[in-house]
Amino acid sequence: MPSLKDLKNRIASVKATQKITKAMKMVAAAKLRRAQEAAEAARPYAERMNKVLADLSAANAGNAEAPRLLAGTGRDQVHLLVVATGERGLAGGFNSSIIRLAREHALKLLAEGKTVKILTVGRKGNDVLRRSFRENIIDYVTFREVKQLGFAQADEVAHKVLALFNEGEFDVATLFYARFQSVISQVATASQIIPAKFEVSEAADASAALYEYEPGEQEILEDLLPKNVAVQIFRAILENNASFYGAQMSAMDNATRNAGEMINKLTLSYNRQRQAQITKELIEIISGAEAL
């Protein structure tokens, strides 16, 4: 059984931890609002670009002269996984859910005899995936020193991906990130970015006939497809940023409440043990007085 001094020291330690988790919760809550607004503001632009490219890709389906970013290399042997995670931990299951999805996808491809290459964006994903896929990781990007994430960071990653594709290093690229839904819900998502994959609805097919493009569709695709890669990565980074702060806020809130419960239990044990010690001392004094 721990002594009174041990219990007192432990209570003080848990209280200090509670102060830290409460402060981290408040910081995450303050940063979450701005990150959420940025993620939600990027969605309409990315979705609109997706719709325009979906219309153009439907019109160019089966065209032998279609851009390689749309048509692909004609092979499905080498896969590049772009895994975007956070730079820090203490965010519940945010990082682990993305890494788990990427790991399952990689193992499935390897079981099918495919070649897997991994580009990690964020320190946590690189640290974890390196344990199992050290030989598959070909590059690593971190924005740990960047205070405000912007399009420049996404463009840097997009340039790396496009350079690898132009050099024939892979056939298919898939982007992994967490889509922000709410403070308590972040969904790990996999999105194929090369060759470009769009969901073409009947409404999109009907509306495509209403537009005439100048210059030609081929030139527009050549220009927009590389930008679309950067836009999708930018969207993923913003979604990740909002998801990270939402997950961290929830995790630190749970940690603060758990610390409070632990303090109450330790205080109760401390009071009981102190009362038992006082009772024991009183019994010894009374017994000694009666003996005299």
# chains A, B, ... in the order shown; residues from 1 in each chain; ligands from 1
call {"tool": "select_by_dssp", "arguments": {"residues": "stretch 124-244 of chain A", "states": "alpha helix (DSSP H)", "output": "PyMOL selection string"}}
result
chain A and resi 124-133+151-166+202-208+217-244
call {"tool": "residues_around", "arguments": {"residues": "stretch 101-106 of chain A", "least_positions_apart": "3", "cutoff": "8 Å", "atoms": "only C-alpha atoms", "output": "JSON, numbers by chain"}}
result
{"A": [81, 83, 97, 98, 109, 110, 116, 129, 176, 188, 189, 190]}
call {"tool": "write_last_selection", "arguments": {"atoms": "C-alpha atoms", "output": "PDB file, in the first residue's frame"}}
result
ATOM      1  CA  LEU A  81       0.757   5.932 -51.739  1.00  0.00           C
ATOM      2  CA  VAL A  83       0.074   9.300 -46.865  1.00  0.00           C
ATOM      3  CA  SER A  97      -6.774   5.709 -38.572  1.00  0.00           C
ATOM      4  CA  ILE A  98      -5.004   7.154 -41.641  1.00  0.00           C
ATOM      5  CA  LEU A 109      -1.356  -4.501 -53.190  1.00  0.00           C
ATOM      6  CA  LEU A 110       1.735  -6.418 -52.101  1.00  0.00           C
ATOM      7  CA  VAL A 116       4.333  -0.231 -53.596  1.00  0.00           C
ATOM      8  CA  LEU A 129       5.175   3.374 -41.496  1.00  0.00           C
ATOM      9  CA  PHE A 176      -4.642   9.143 -47.883  1.00  0.00           C
ATOM     10  CA  ALA A 188      -9.912   8.247 -42.974  1.00  0.00           C
ATOM     11  CA  THR A 189     -10.187   8.606 -46.765  1.00  0.00           C
ATOM     12  CA  ALA A 190      -8.355   7.195 -49.792  1.00  0.00           C
TER      13      ALA A 190
END
call {"tool": "residues_around", "arguments": {"residues": "A:Tyr270", "least_positions_apart": "3", "cutoff": "10 Å", "atoms": "only C-alpha atoms", "output": "PyMOL selection string"}}
result
chain A and resi 2-8+11+264-267+273-276
call {"tool": "residues_around", "arguments": {"residues": "A:Ala178", "least_positions_apart": "2", "cutoff": "12 Å", "atoms": "only C-alpha atoms", "output": "VMD selection string"}}
result
chain A and resid 39 83 to 86 93 to 102 175 to 176 180 to 182 185 to 191 233 235 to 247
call {"tool": "residues_around", "arguments": {"residues": "stretch 131-136 of chain A", "least_positions_apart": "2", "cutoff": "8 Å", "atoms": "only C-alpha atoms", "output": "list in words"}}
result
Val116, Lys117, Ile118, Asp127, Val128, Leu129 and Ile138 of chain A
call {"tool": "write_last_selection", "arguments": {"atoms": "C-alpha atoms", "output": "CSV table (one decimal), in the first residue's frame"}}
result
chain,number,residue,atom,x,y,z
A,116,VAL,CA,4.3,-0.2,-53.6
A,117,LYS,CA,6.1,3.1,-53.1
A,118,ILE,CA,5.2,5.4,-50.3
A,127,ASP,CA,7.7,7.3,-38.1
A,128,VAL,CA,5.1,4.6,-37.9
A,129,LEU,CA,5.2,3.4,-41.5
A,138,ILE,CA,10.9,6.8,-51.2
call {"tool": "closest_residue", "arguments": {"among": "A:Gln218, A:Gln18, A:Asn228, A:Thr256", "to": "A:Leu56", "atoms": "only C-alpha atoms"}}
result
A:Gln218
call {"tool": "residues_around", "arguments": {"residues": "A:Thr17", "least_positions_apart": "2", "cutoff": "12 Å", "atoms": "only C-alpha atoms", "output": "list in words"}}
result
Arg10, Ile11, Ala12, Ser13, Val14, Lys15, Lys19, Ile20, Thr21, Lys22, Ala23, Met24, Met252, Ala255, Thr256, Arg257, Asn258, Ala259, Gly260, Met262 and Ile263 of chain A
call {"tool": "atom_distance", "arguments": {"atom1": "atom CA of A:Lys227", "atom2": "atom CA of A:Gly74"}}
result
21.9 Å
call {"tool": "atom_distance", "arguments": {"atom1": "atom CA of A:Gly168", "atom2": "atom CA of A:Gly72"}}
result
10.8 Å
call {"tool": "closest_atom_pairs", "arguments": {"of": "stretch 52-163 of chain A", "to": "stretch 219-222 of chain A", "cutoff": "10 Å", "atoms": "only C-alpha atoms", "output": "tab-separated table"}}
result
residue	atom	partner	partner_atom	distance
A:Val52	CA	A:Leu221	CA	9.8
A:Leu53	CA	A:Leu221	CA	7.4
A:Leu56	CA	A:Leu221	CA	7.3
A:Ser57	CA	A:Leu221	CA	8.2
A:Asn60	CA	A:Leu221	CA	9.6
A:Ala66	CA	A:Leu221	CA	8.4
A:Pro67	CA	A:Glu222	CA	6.2
A:Arg68	CA	A:Glu222	CA	9.0
A:Leu69	CA	A:Glu222	CA	8.4
A:Leu70	CA	A:Leu221	CA	8.4
call {"tool": "atom_distance", "arguments": {"atom1": "atom CA of A:Thr120", "atom2": "atom CA of A:Val82"}}
result
5.8 Å
call {"tool": "select_by_dssp", "arguments": {"residues": "stretch 42-246 of chain A", "states": "strand (DSSP E)", "output": "count of residues only"}}
result
40
